[in-house]
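Novice: coords.txt (compact mmCIF, C-alpha atoms) pasted underneath:
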# COMPACT_ATOMS: atom_id res chain seq x y z
CA MET N 251 -39.13 33.73 -31.58
CA LYS N 252 -42.03 35.90 -30.52
CA GLU N 253 -44.65 36.26 -33.24
CA PHE N 254 -46.38 39.48 -34.22
CA VAL N 255 -49.68 39.07 -32.37
CA ILE N 256 -52.75 41.10 -33.21
CA SER N 257 -54.75 42.06 -30.13
CA GLU N 258 -58.25 40.62 -29.96
CA GLU N 259 -59.46 43.07 -27.32
CA THR N 260 -62.34 45.19 -28.46
CA SER N 261 -62.44 48.05 -25.98
CA GLU N 262 -58.90 49.10 -25.12
CA ARG N 263 -58.72 52.70 -23.92
CA ALA N 264 -56.17 54.77 -25.81
CA VAL N 265 -54.80 58.30 -26.00
CA LEU N 266 -53.51 59.85 -29.21
CA VAL N 267 -50.39 61.99 -29.60
CA GLY N 268 -49.47 64.37 -32.43
CA LEU N 269 -47.16 67.30 -33.14
CA VAL N 270 -47.64 70.78 -34.51
CA THR N 271 -44.54 71.71 -36.49
CA PRO N 272 -43.60 74.47 -38.96
CA GLN N 273 -44.41 71.97 -41.72
CA GLN N 274 -47.70 70.84 -40.14
CA PRO N 275 -50.01 73.55 -38.71
CA GLU N 276 -52.39 72.88 -35.86
CA LEU N 277 -55.48 72.54 -38.06
CA LYS N 278 -53.75 69.83 -40.10
CA THR N 279 -52.56 68.04 -36.95
CA MET N 280 -56.11 67.99 -35.58
CA GLU N 281 -57.38 66.49 -38.82
CA TYR N 282 -54.68 63.81 -38.80
CA LEU N 283 -55.50 62.95 -35.19
CA SER N 284 -59.20 62.71 -36.03
CA GLU N 285 -58.31 60.22 -38.76
CA LEU N 286 -56.06 58.39 -36.29
CA ALA N 287 -59.01 58.18 -33.90
CA PHE N 288 -61.09 56.66 -36.72
CA LEU N 289 -58.30 54.14 -37.33
CA ALA N 290 -58.22 53.30 -33.62
CA ASP N 291 -62.00 52.84 -33.58
CA THR N 292 -61.74 50.54 -36.61
CA ALA N 293 -59.15 48.48 -34.73
CA GLY N 294 -61.43 48.23 -31.68
CA ALA N 295 -59.91 50.86 -29.40
CA GLU N 296 -61.64 53.74 -27.63
CA SER N 297 -59.82 57.06 -28.04
CA VAL N 298 -60.40 59.07 -24.87
CA LYS N 299 -58.01 62.03 -25.26
CA MET N 300 -55.65 63.75 -27.69
CA PHE N 301 -52.31 65.29 -26.72
CA ILE N 302 -50.72 67.91 -28.98
CA GLN N 303 -47.38 69.67 -28.63
CA LYS N 304 -45.76 72.41 -30.70
CA LEU N 305 -42.18 71.55 -31.63
CA ASP N 306 -39.83 72.47 -34.46
CA TYR N 307 -39.23 68.75 -35.03
CA PRO N 308 -39.96 65.47 -33.18
CA ASN N 309 -37.81 64.81 -30.13
CA PRO N 310 -35.31 62.14 -31.29
CA ARG N 311 -35.54 60.37 -27.90
CA THR N 312 -39.22 60.52 -26.97
CA TYR N 313 -41.05 62.15 -29.93
CA VAL N 314 -42.58 64.74 -27.56
CA GLY N 315 -40.76 66.81 -24.96
CA LYS N 316 -39.96 65.61 -21.44
CA GLY N 317 -42.70 67.74 -19.85
CA LYS N 318 -45.38 66.59 -22.29
CA LEU N 319 -44.37 62.96 -21.79
CA GLN N 320 -44.77 63.40 -18.04
CA GLU N 321 -48.22 64.95 -18.63
CA ILE N 322 -49.21 61.94 -20.73
CA LYS N 323 -47.89 59.56 -18.07
CA GLU N 324 -49.97 61.21 -15.34
CA TYR N 325 -53.11 60.97 -17.46
CA VAL N 326 -52.38 57.34 -18.39
CA ASP N 327 -51.86 56.38 -14.74
CA ASP N 328 -54.98 58.20 -13.52
CA ASN N 329 -57.41 57.03 -16.21
CA ASP N 330 -56.72 53.32 -16.77
CA ILE N 331 -55.21 53.83 -20.23
CA GLY N 332 -53.68 50.73 -21.81
CA MET N 333 -52.35 52.13 -25.06
CA VAL N 334 -50.77 55.32 -26.47
CA ILE N 335 -50.90 55.82 -30.24
CA PHE N 336 -48.58 58.25 -32.03
CA ASP N 337 -49.57 59.78 -35.36
CA ASP N 338 -46.14 59.35 -36.94
CA ASP N 339 -43.79 56.41 -37.26
CA LEU N 340 -41.51 55.99 -34.25
CA THR N 341 -37.91 54.85 -34.25
CA THR N 342 -36.85 51.83 -32.24
CA LYS N 343 -35.10 54.08 -29.72
CA GLN N 344 -38.16 56.30 -29.33
CA VAL N 345 -40.40 53.31 -28.64
CA GLN N 346 -37.95 51.93 -26.08
CA ASN N 347 -37.75 55.24 -24.22
CA ILE N 348 -41.49 55.91 -24.31
CA GLU N 349 -42.37 52.38 -23.17
CA ARG N 350 -39.88 52.64 -20.32
CA GLU N 351 -41.53 55.86 -19.15
CA LEU N 352 -45.23 55.11 -19.71
CA GLN N 353 -45.30 51.35 -19.05
CA VAL N 354 -48.17 50.77 -21.52
CA LYS N 355 -48.52 49.52 -25.08
CA ILE N 356 -47.04 51.96 -27.63
CA LEU N 357 -48.22 52.02 -31.25
CA ASP N 358 -47.51 54.30 -34.17
CA ARG N 359 -49.66 54.92 -37.24
CA THR N 360 -48.07 52.13 -39.28
CA SER N 361 -48.47 49.45 -36.60
CA LEU N 362 -52.11 50.48 -36.17
CA ILE N 363 -52.78 50.19 -39.91
CA LEU N 364 -51.08 46.79 -39.96
CA ASP N 365 -53.35 45.65 -37.13
CA ILE N 366 -56.43 46.68 -39.13
CA PHE N 367 -55.11 45.04 -42.29
CA ALA N 368 -54.49 41.79 -40.40
CA ARG N 369 -58.07 41.84 -39.08
CA ARG N 370 -59.55 42.58 -42.52
CA ALA N 371 -57.56 40.09 -44.62
CA GLN N 372 -59.83 37.23 -45.68
CA THR N 373 -58.23 35.55 -48.69
CA ALA N 374 -54.92 33.71 -48.78
CA SER N 375 -53.54 36.44 -51.03
CA ALA N 376 -54.43 39.26 -48.65
CA ARG N 377 -53.18 37.36 -45.60
CA THR N 378 -49.84 36.69 -47.30
CA GLN N 379 -49.47 40.33 -48.27
CA VAL N 380 -50.27 41.50 -44.74
CA GLU N 381 -47.89 38.99 -43.17
CA LEU N 382 -45.09 40.18 -45.46
CA ALA N 383 -45.73 43.80 -44.49
CA GLN N 384 -45.75 42.85 -40.80
CA TYR N 385 -42.37 41.13 -40.96
CA GLN N 386 -40.88 44.01 -42.97
CA TYR N 387 -42.13 46.35 -40.26
CA LEU N 388 -40.76 44.12 -37.46
CA LEU N 389 -37.28 43.58 -38.90
CA PRO N 390 -35.70 46.91 -37.83
CA ARG N 391 -37.56 46.79 -34.49
CA LEU N 392 -36.28 43.47 -33.16
CA THR N 393 -34.40 45.06 -30.27
CA ARG N 394 -37.58 46.04 -28.44
CA LEU N 395 -39.66 42.93 -29.10
CA TRP N 396 -37.54 40.23 -27.49
CA THR N 397 -36.16 39.99 -23.96
CA HIS N 398 -33.61 37.30 -24.76
CA LEU N 399 -31.78 39.11 -27.55
CA GLU N 400 -28.40 39.55 -25.91
CA ARG N 401 -27.94 35.94 -24.77
CA GLN N 402 -25.14 34.06 -26.48
CA ARG N 403 -25.44 30.60 -27.95
CA GLY N 404 -22.67 28.36 -26.57
CA GLY N 405 -21.76 24.67 -26.54
CA ILE N 406 -19.54 22.41 -28.64
CA GLY N 407 -18.48 24.11 -31.84
CA MET N 408 -19.75 27.45 -30.60
CA ARG N 409 -16.73 28.76 -28.72
CA GLY N 410 -16.15 32.49 -28.60
CA PRO N 411 -18.86 35.11 -28.70
CA GLY N 412 -21.08 32.91 -30.81
CA GLU N 413 -24.26 34.16 -32.48
CA THR N 414 -26.51 36.57 -30.63
CA GLN N 415 -30.19 35.72 -30.44
CA ILE N 416 -31.08 38.91 -32.31
CA GLU N 417 -29.00 37.72 -35.26
CA THR N 418 -30.82 34.40 -35.18
CA ASP N 419 -34.21 36.12 -35.05
CA ARG N 420 -33.24 38.46 -37.85
CA ARG N 421 -32.21 35.52 -40.00
CA ILE N 422 -35.49 33.73 -39.26
CA ILE N 423 -37.49 36.82 -40.24
CA LEU N 424 -35.43 37.32 -43.41
CA ASP N 425 -36.14 33.69 -44.34
CA LYS N 426 -39.86 34.27 -43.74
CA ILE N 427 -39.80 37.43 -45.86
CA SER N 428 -38.08 35.55 -48.66
CA ARG N 429 -40.65 32.73 -48.48
CA LEU N 430 -43.58 35.16 -48.45
CA LYS N 431 -42.18 37.02 -51.47
CA GLN N 432 -41.95 33.72 -53.33
CA GLU N 433 -45.56 32.96 -52.42
CA LEU N 434 -46.61 36.38 -53.72
CA VAL N 435 -44.78 35.75 -56.99
CA ALA N 436 -46.86 32.59 -57.40
CA ILE N 437 -50.01 34.55 -56.51
CA ASP N 438 -49.10 37.22 -59.07
CA LYS N 439 -48.71 34.57 -61.77
CA GLN N 440 -52.05 33.01 -60.86
CA LYS N 441 -53.83 36.37 -60.91
CA SER N 442 -52.14 37.25 -64.20
CA VAL N 443 -53.59 34.07 -65.73
CA GLN N 444 -57.00 34.96 -64.31
CA ARG N 445 -56.83 38.41 -65.88
CA LYS N 446 -55.88 36.91 -69.26
CA ASN N 447 -58.80 34.50 -69.03
CA ARG N 448 -61.17 37.43 -68.72
CA GLY N 449 -60.60 38.15 -72.40
CA LYS N 450 -60.60 41.67 -73.78
CA LEU N 451 -63.47 43.03 -71.73
CA THR N 452 -63.09 46.64 -70.67
CA ARG N 453 -61.82 46.86 -67.10
CA VAL N 454 -63.09 49.59 -64.82
CA ALA N 455 -61.44 50.00 -61.40
CA LEU N 456 -62.94 51.87 -58.46
CA VAL N 457 -60.17 53.77 -56.67
CA GLY N 458 -60.12 56.38 -53.95
CA TYR N 459 -59.38 57.22 -50.35
CA THR N 460 -60.52 54.72 -47.75
CA ASN N 461 -64.16 54.95 -46.59
CA VAL N 462 -65.44 57.04 -49.53
CA GLY N 463 -68.10 54.54 -50.62
CA LYS N 464 -66.38 52.40 -53.28
CA SER N 465 -67.87 49.14 -52.02
CA THR N 466 -71.34 50.68 -51.82
CA ILE N 467 -71.04 51.76 -55.45
CA MET N 468 -69.76 48.29 -56.35
CA ASN N 469 -72.78 46.65 -54.73
CA MET N 470 -75.15 49.07 -56.44
CA LEU N 471 -73.72 48.62 -59.95
CA SER N 472 -73.15 44.86 -59.76
CA LYS N 473 -76.16 43.99 -57.59
CA SER N 474 -73.77 41.99 -55.38
CA SER N 475 -73.05 42.02 -51.66
CA VAL N 476 -69.45 43.15 -51.23
CA PHE N 477 -68.80 43.89 -47.54
CA ALA N 478 -69.21 47.61 -46.80
CA GLU N 479 -69.41 49.56 -43.56
CA ASN N 480 -68.47 52.94 -42.14
CA LYS N 481 -64.96 51.86 -41.18
CA LEU N 482 -61.53 52.53 -42.63
CA PHE N 483 -60.25 49.71 -44.86
CA ALA N 484 -63.56 47.83 -44.76
CA THR N 485 -62.47 46.35 -48.11
CA LEU N 486 -59.02 44.78 -48.29
CA ASP N 487 -59.43 41.96 -50.79
CA THR N 488 -59.87 42.99 -54.41
CA THR N 489 -63.28 42.04 -55.80
CA VAL N 490 -64.05 41.72 -59.53
CA ARG N 491 -67.58 41.52 -60.93
CA LYS N 492 -68.82 41.30 -64.52
CA ILE N 493 -71.61 43.80 -65.13
CA ALA N 494 -73.52 45.04 -68.17
CA ILE N 495 -74.43 48.68 -68.79
CA ASP N 496 -76.88 49.00 -71.69
CA ASN N 497 -75.75 45.60 -73.02
CA LEU N 498 -72.07 46.61 -72.86
CA PRO N 499 -70.12 44.04 -70.76
CA VAL N 500 -67.65 45.53 -68.29
CA LEU N 501 -65.40 44.10 -65.57
CA LEU N 502 -65.76 46.22 -62.43
CA THR N 503 -63.08 46.03 -59.72
CA ASP N 504 -63.30 47.23 -56.12
CA THR N 505 -59.82 47.96 -54.72
CA VAL N 506 -58.29 48.69 -51.33
CA GLY N 507 -58.58 52.32 -50.27
CA PHE N 508 -55.61 54.66 -49.93
CA ILE N 509 -54.72 56.76 -46.91
CA ARG N 510 -52.25 59.44 -45.92
CA LYS N 511 -48.89 58.28 -44.58
CA LEU N 512 -49.44 54.79 -46.01
CA PRO N 513 -46.16 52.89 -45.43
CA THR N 514 -44.14 52.29 -48.59
CA HIS N 515 -43.48 48.64 -47.77
CA LEU N 516 -47.22 48.14 -47.30
CA VAL N 517 -47.89 49.50 -50.79
CA ASN N 518 -45.17 47.23 -52.17
CA SER N 519 -46.64 44.21 -50.37
CA PHE N 520 -49.98 44.80 -52.07
CA LYS N 521 -48.50 44.78 -55.57
CA SER N 522 -50.74 41.94 -56.75
CA THR N 523 -53.81 43.82 -55.52
CA LEU N 524 -52.70 47.07 -57.14
CA ASP N 525 -52.02 45.25 -60.43
CA GLU N 526 -55.78 45.42 -60.93
CA VAL N 527 -55.41 49.20 -60.95
CA ARG N 528 -52.40 49.11 -63.26
CA GLU N 529 -54.22 46.97 -65.82
CA ALA N 530 -57.53 48.80 -65.66
CA ASP N 531 -58.72 50.59 -68.79
CA VAL N 532 -60.77 53.19 -66.92
CA LEU N 533 -60.36 54.50 -63.38
CA VAL N 534 -63.37 55.69 -61.40
CA HIS N 535 -61.95 57.96 -58.69
CA VAL N 536 -64.52 58.06 -55.87
CA VAL N 537 -64.37 61.09 -53.56
CA ASP N 538 -66.24 61.73 -50.31
CA ILE N 539 -67.32 65.31 -51.01
CA SER N 540 -68.80 65.62 -47.53
CA HIS N 541 -65.32 65.31 -45.99
CA PRO N 542 -63.94 68.74 -44.99
CA ASN N 543 -60.56 68.00 -46.61
CA PHE N 544 -61.62 65.96 -49.62
CA GLU N 545 -59.26 67.93 -51.90
CA GLU N 546 -56.23 66.73 -49.96
CA GLN N 547 -57.57 63.18 -50.13
CA ILE N 548 -57.76 63.58 -53.92
CA GLU N 549 -54.09 64.62 -53.94
CA VAL N 550 -53.12 61.59 -51.83
CA VAL N 551 -54.89 59.23 -54.23
CA ASP N 552 -53.48 60.94 -57.33
CA ARG N 553 -49.97 60.75 -55.91
CA THR N 554 -50.36 57.06 -55.06
CA LEU N 555 -51.81 56.32 -58.49
CA ARG N 556 -48.83 58.01 -60.15
CA ASP N 557 -46.54 55.72 -58.16
CA VAL N 558 -48.65 52.61 -58.75
CA CYS N 559 -49.32 53.17 -62.44
CA ASN N 560 -45.87 54.60 -63.17
CA GLY N 561 -47.40 57.80 -64.43
CA ALA N 562 -49.69 56.04 -66.91
CA ASP N 563 -52.34 58.34 -68.30
CA LYS N 564 -55.59 56.41 -67.94
CA PRO N 565 -59.10 57.71 -68.65
CA MET N 566 -60.61 58.76 -65.35
CA ILE N 567 -64.08 59.65 -64.09
CA MET N 568 -64.29 61.74 -60.92
CA VAL N 569 -67.25 60.61 -58.82
CA PHE N 570 -68.13 62.94 -55.97
CA ASN N 571 -70.07 60.70 -53.61
CA LYS N 572 -72.10 61.40 -50.44
CA ILE N 573 -73.73 64.61 -51.68
CA ASP N 574 -76.57 63.75 -49.29
CA ALA N 575 -74.14 64.27 -46.38
CA PHE N 576 -72.68 67.54 -47.70
CA THR N 577 -73.30 70.42 -45.32
CA TYR N 578 -72.20 74.04 -45.16
CA LYS N 579 -72.81 77.12 -43.03
CA PRO N 580 -73.45 80.30 -45.05
CA LYS N 581 -71.36 83.28 -43.97
CA ASP N 582 -73.01 86.37 -42.55
CA GLU N 583 -72.73 89.43 -44.76
CA ASP N 584 -70.92 91.27 -41.96
CA ASP N 585 -68.34 88.50 -41.57
CA LEU N 586 -65.15 89.73 -43.25
CA THR N 587 -63.00 86.68 -42.47
CA GLU N 588 -61.75 84.48 -45.30
CA ARG N 589 -64.23 81.92 -46.58
CA THR N 590 -63.50 78.30 -45.77
CA ARG N 591 -64.77 74.95 -47.06
CA GLU N 592 -67.49 75.06 -44.37
CA ASN N 593 -68.91 78.27 -45.89
CA ILE N 594 -69.14 77.14 -49.53
CA SER N 595 -72.25 75.51 -50.97
CA LEU N 596 -72.20 72.51 -53.27
CA ASP N 597 -73.29 74.62 -56.25
CA GLU N 598 -70.43 77.04 -55.60
CA LEU N 599 -67.98 74.13 -55.42
CA LYS N 600 -69.22 72.82 -58.76
CA ALA N 601 -68.39 76.19 -60.29
CA THR N 602 -64.75 76.07 -59.14
CA TRP N 603 -62.03 73.77 -60.53
CA MET N 604 -64.62 71.00 -60.81
CA SER N 605 -66.25 72.82 -63.73
CA ARG N 606 -63.14 72.16 -65.82
CA LEU N 607 -63.69 68.39 -65.55
CA ASN N 608 -66.65 68.69 -67.94
CA ASP N 609 -68.17 65.26 -68.63
CA ASN N 610 -65.50 63.47 -66.58
CA CYS N 611 -67.22 64.31 -63.33
CA VAL N 612 -70.50 63.30 -61.69
CA PHE N 613 -72.10 64.05 -58.30
CA ILE N 614 -73.94 61.16 -56.67
CA SER N 615 -75.16 59.61 -53.47
CA ALA N 616 -74.65 55.85 -53.62
CA LYS N 617 -76.46 55.47 -50.31
CA LYS N 618 -79.55 57.40 -51.48
CA GLY N 619 -79.37 56.32 -55.13
CA ILE N 620 -79.03 59.90 -56.44
CA ASN N 621 -77.71 60.44 -60.01
CA ILE N 622 -76.82 56.78 -60.46
CA ASP N 623 -78.08 56.75 -64.06
CA GLU N 624 -75.70 59.62 -64.83
CA LEU N 625 -72.81 57.63 -63.35
CA LYS N 626 -73.73 54.60 -65.48
CA ALA N 627 -73.86 56.82 -68.57
CA ARG N 628 -70.36 58.18 -67.87
CA ILE N 629 -68.95 54.68 -67.41
CA TYR N 630 -70.76 53.48 -70.52
CA GLU N 631 -69.27 56.22 -72.70
CA LYS N 632 -65.70 55.62 -71.50
CA ALA N 633 -66.03 51.84 -71.76
CA LYS N 634 -67.62 52.07 -75.19
CA GLU N 635 -64.72 54.14 -76.57
CA ILE N 636 -62.27 51.45 -75.51
CA HIS N 637 -64.50 48.54 -76.56
CA VAL N 638 -64.97 49.93 -80.06
CA THR N 639 -61.21 50.17 -80.59
CA ARG N 640 -60.90 46.48 -79.71
CA PHE N 641 -63.93 45.35 -81.69
CA PRO N 642 -64.21 47.88 -84.54
CA TYR N 643 -66.72 45.80 -86.48
CA ASN N 644 -69.29 46.31 -83.74
CA ASP N 645 -69.69 50.04 -84.44
CA LEU N 646 -73.07 49.61 -86.11
CA LEU N 647 -74.21 47.42 -83.25
CA TYR N 648 -73.43 50.14 -80.72
CA GLU N 649 -75.17 52.73 -82.89
CA LYS N 650 -78.22 50.48 -82.66
CA TYR N 651 -77.87 50.40 -78.86
CA ASP N 652 -77.61 54.20 -78.84
CA ASP N 653 -80.76 54.55 -80.96
CA THR N 654 -82.59 52.21 -78.63
CA MET N 655 -81.49 54.20 -75.62
CA THR N 656 -82.81 57.46 -77.08
CA GLU N 657 -86.23 56.12 -78.03
Can the structure from this file be put into structure tokens for me?
Specialist:
Amino acid sequence: MKEFVISEETSERAVLVGLVTPQQPELKTMEYLSELAFLADTAGAESVKMFIQKLDYPNPRTYVGKGKLQEIKEYVDDNDIGMVIFDDDLTTKQVQNIERELQVKILDRTSLILDIFARRAQTASARTQVELAQYQYLLPRLTRLWTHLERQRGGIGMRGPGETQIETDRRIILDKISRLKQELVAIDKQKSVQRKNRGKLTRVALVGYTNVGKSTIMNMLSKSSVFAENKLFATLDTTVRKIAIDNLPVLLTDTVGFIRKLPTHLVNSFKSTLDEVREADVLVHVVDISHPNFEEQIEVVDRTLRDVCNGADKPMIMVFNKIDAFTYKPKDEDDLTERTRENISLDELKATWMSRLNDNCVFISAKKGINIDELKARIYEKAKEIHVTRFPYNDLLYEKYDDTMTE
């Protein structure tokens, strides 16, 4: 059986394809394709062109229309393109038809994310979770991955039509999925024991969209060296560090980032990682305020957290990071067009819905070290409230800490 192989090439040339539909306007499509280009860059590909088509719905045979597919083919043939990446998940039939026409590697958003996850996984836990997600992704797509699928198995005791190779491969993959799930159950038990051994320390989890600066904040608060770079999904393995803020011990967790259109089976595969979020006492939601659509990213994270935490209402601190990278272009007085995110200053943003967050919000730059003391103070207050309920006899001790802090 052919294995799911992750490409090791570092400079494959790719084109990106997306649709403008009644449900997805052109501006949104462009933003999604920009994120897809960032994903491709993270995976080691060079995005050289974007193709966009307006359709009421994706073509069930080829995703895009016949004319657009021909346009893509001509560009691919003329410009030494080895890969075409589509922004949405493709059906098996769509991939077959597109591959037959373009004669190059075809990827969709999910397969690209899986490639990145496979590259990033370092621990046995993460590798097992990624492998499970890969096989779950491959299972319904067997018909395009093997060339020997329709051959029959014959011989003594195998008279008649026998068992097709695709049935054999499907059974092999189902066995692998079952084995990987069993391994993850064992991993979950091991991690559950580890969490119990941490005692009753307050747990603070950093959550947020991918590439918003969670690992940078983790390094800054814990004085550690968690891997961080300007790439999507730079952090895949959950990292836990014990820190102290004004003598208050806290367990700080750096978690995998979320993203739009994250496959459901991928979320399910990372259950043991997301358990750190479920069992956290306080969530620190990190937001890249310099991103033009940070509000939609907030919605994506909130929606995922509701699914992960089963609607649990946990104390949350909103941390608007990268204020040093925030830019805006003031509107001319004569410009009567509607104001956009690009025309609003940071002070004006703070006066909008953010003002209702009160003390549950802080604006920082982890890279420049701006307002870090304020962030520590917010975490301290939330952690202290929880710690005091667990150790009520320490109230006077914390009053002493407070007095010391104000002197």
Novice: Using all atoms listed in the file, what table do you get, as JSON lines, when you list each residue of segment 370-392 of chain N with an atom no more than 12 Å from segment 494-508 of chain N, its nearest pair of atoms, and their distance in Å rounded to one decimal, rows by chain then rising number?
Specialist:
{"residue": "N:Arg370", "atom": "CA", "partner": "N:Val506", "partner_atom": "CA", "distance": 10.8}
{"residue": "N:Ala371", "atom": "CA", "partner": "N:Val506", "partner_atom": "CA", "distance": 10.9}
{"residue": "N:Ala376", "atom": "CA", "partner": "N:Val506", "partner_atom": "CA", "distance": 10.5}
Novice: N:Gly332, N:Pro308, N:Gly463, N:Pro565: which is nearest Ala530 of chain N, counting all atoms listed in the file?
Specialist: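 Looking at the shortest contact to Ala530 of chain N, the residue is N:Pro565.
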Novice: Using atom CA of Glu262 of chain N and atom CA of Glu296 of chain N as the two end points, give the distance in Å to one decimal.
Specialist: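 Straight-line distance from atom CA of Glu262 of chain N to atom CA of Glu296 of chain N works out to 5.9 Å.
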Novice: Given the choices N:Val517, N:Leu382, N:Ile322, N:Ile335, which gets closest to Asp557 of chain N if the distance is worked out from only C-alpha atoms?
Specialist: N:Val517
Novice: Pick out the closest residue to Lys278 of chain N from this set: N:Ser472, N:Asn543, N:Gln346, N:Gln379. Count all atoms listed in the file.
Specialist: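 Once distances to Lys278 of chain N are computed over all atoms listed in the file, the minimum belongs to N:Asn543.
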Novice: Provide segment 549-555 of chain N rebuilt to all heavy atoms, formatted as a PDB file, keeping the file's coordinate frame.
Specialist:
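Output below, filename rebuild-v4.pdb:
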ATOM      1  N   GLU N 549     -55.517  64.532 -53.675  1.00  0.00           N
ATOM      2  CA  GLU N 549     -54.090  64.620 -53.940  1.00  0.00           C
ATOM      3  C   GLU N 549     -53.351  63.362 -53.491  1.00  0.00           C
ATOM      4  O   GLU N 549     -52.448  62.882 -54.185  1.00  0.00           O
ATOM      5  CB  GLU N 549     -53.508  65.851 -53.232  1.00  0.00           C
ATOM      6  CG  GLU N 549     -54.003  67.175 -53.781  1.00  0.00           C
ATOM      7  CD  GLU N 549     -53.494  68.362 -52.979  1.00  0.00           C
ATOM      8  OE1 GLU N 549     -52.693  68.134 -52.039  1.00  0.00           O
ATOM      9  OE2 GLU N 549     -53.888  69.499 -53.282  1.00  0.00           O
ATOM     10  N   VAL N 550     -53.751  62.818 -52.330  1.00  0.00           N
ATOM     11  CA  VAL N 550     -53.120  61.590 -51.830  1.00  0.00           C
ATOM     12  C   VAL N 550     -53.343  60.443 -52.814  1.00  0.00           C
ATOM     13  O   VAL N 550     -52.415  59.696 -53.154  1.00  0.00           O
ATOM     14  CB  VAL N 550     -53.678  61.220 -50.443  1.00  0.00           C
ATOM     15  CG1 VAL N 550     -53.204  59.832 -50.028  1.00  0.00           C
ATOM     16  CG2 VAL N 550     -53.260  62.244 -49.399  1.00  0.00           C
ATOM     17  N   VAL N 551     -54.573  60.302 -53.290  1.00  0.00           N
ATOM     18  CA  VAL N 551     -54.890  59.230 -54.230  1.00  0.00           C
ATOM     19  C   VAL N 551     -54.164  59.429 -55.553  1.00  0.00           C
ATOM     20  O   VAL N 551     -53.584  58.485 -56.110  1.00  0.00           O
ATOM     21  CB  VAL N 551     -56.414  59.142 -54.460  1.00  0.00           C
ATOM     22  CG1 VAL N 551     -56.741  58.119 -55.544  1.00  0.00           C
ATOM     23  CG2 VAL N 551     -57.126  58.775 -53.165  1.00  0.00           C
ATOM     24  N   ASP N 552     -54.170  60.660 -56.065  1.00  0.00           N
ATOM     25  CA  ASP N 552     -53.480  60.940 -57.330  1.00  0.00           C
ATOM     26  C   ASP N 552     -51.995  60.636 -57.226  1.00  0.00           C
ATOM     27  O   ASP N 552     -51.398  60.063 -58.151  1.00  0.00           O
ATOM     28  CB  ASP N 552     -53.690  62.399 -57.737  1.00  0.00           C
ATOM     29  CG  ASP N 552     -55.093  62.674 -58.259  1.00  0.00           C
ATOM     30  OD1 ASP N 552     -55.784  61.700 -58.619  1.00  0.00           O
ATOM     31  OD2 ASP N 552     -55.499  63.853 -58.314  1.00  0.00           O
ATOM     32  N   ARG N 553     -51.397  61.006 -56.100  1.00  0.00           N
ATOM     33  CA  ARG N 553     -49.970  60.750 -55.910  1.00  0.00           C
ATOM     34  C   ARG N 553     -49.688  59.255 -55.854  1.00  0.00           C
ATOM     35  O   ARG N 553     -48.726  58.760 -56.449  1.00  0.00           O
ATOM     36  CB  ARG N 553     -49.491  61.448 -54.637  1.00  0.00           C
ATOM     37  CG  ARG N 553     -47.994  61.351 -54.402  1.00  0.00           C
ATOM     38  CD  ARG N 553     -47.534  62.334 -53.345  1.00  0.00           C
ATOM     39  NE  ARG N 553     -48.224  62.152 -52.079  1.00  0.00           N
ATOM     40  CZ  ARG N 553     -49.097  63.012 -51.569  1.00  0.00           C
ATOM     41  NH1 ARG N 553     -49.405  64.119 -52.229  1.00  0.00           N
ATOM     42  NH2 ARG N 553     -49.666  62.786 -50.397  1.00  0.00           N
ATOM     43  N   THR N 554     -50.543  58.516 -55.150  1.00  0.00           N
ATOM     44  CA  THR N 554     -50.360  57.060 -55.060  1.00  0.00           C
ATOM     45  C   THR N 554     -50.565  56.408 -56.426  1.00  0.00           C
ATOM     46  O   THR N 554     -49.820  55.494 -56.799  1.00  0.00           O
ATOM     47  CB  THR N 554     -51.347  56.461 -54.045  1.00  0.00           C
ATOM     48  OG1 THR N 554     -51.226  57.146 -52.789  1.00  0.00           O
ATOM     49  CG2 THR N 554     -51.064  54.980 -53.833  1.00  0.00           C
ATOM     50  N   LEU N 555     -51.555  56.891 -57.163  1.00  0.00           N
ATOM     51  CA  LEU N 555     -51.810  56.320 -58.490  1.00  0.00           C
ATOM     52  C   LEU N 555     -50.629  56.565 -59.429  1.00  0.00           C
ATOM     53  O   LEU N 555     -50.285  55.703 -60.247  1.00  0.00           O
ATOM     54  CB  LEU N 555     -53.083  56.927 -59.092  1.00  0.00           C
ATOM     55  CG  LEU N 555     -54.402  56.439 -58.500  1.00  0.00           C
ATOM     56  CD1 LEU N 555     -55.568  57.212 -59.099  1.00  0.00           C
ATOM     57  CD2 LEU N 555     -54.587  54.955 -58.720  1.00  0.00           C
TER      58      LEU N 555
END
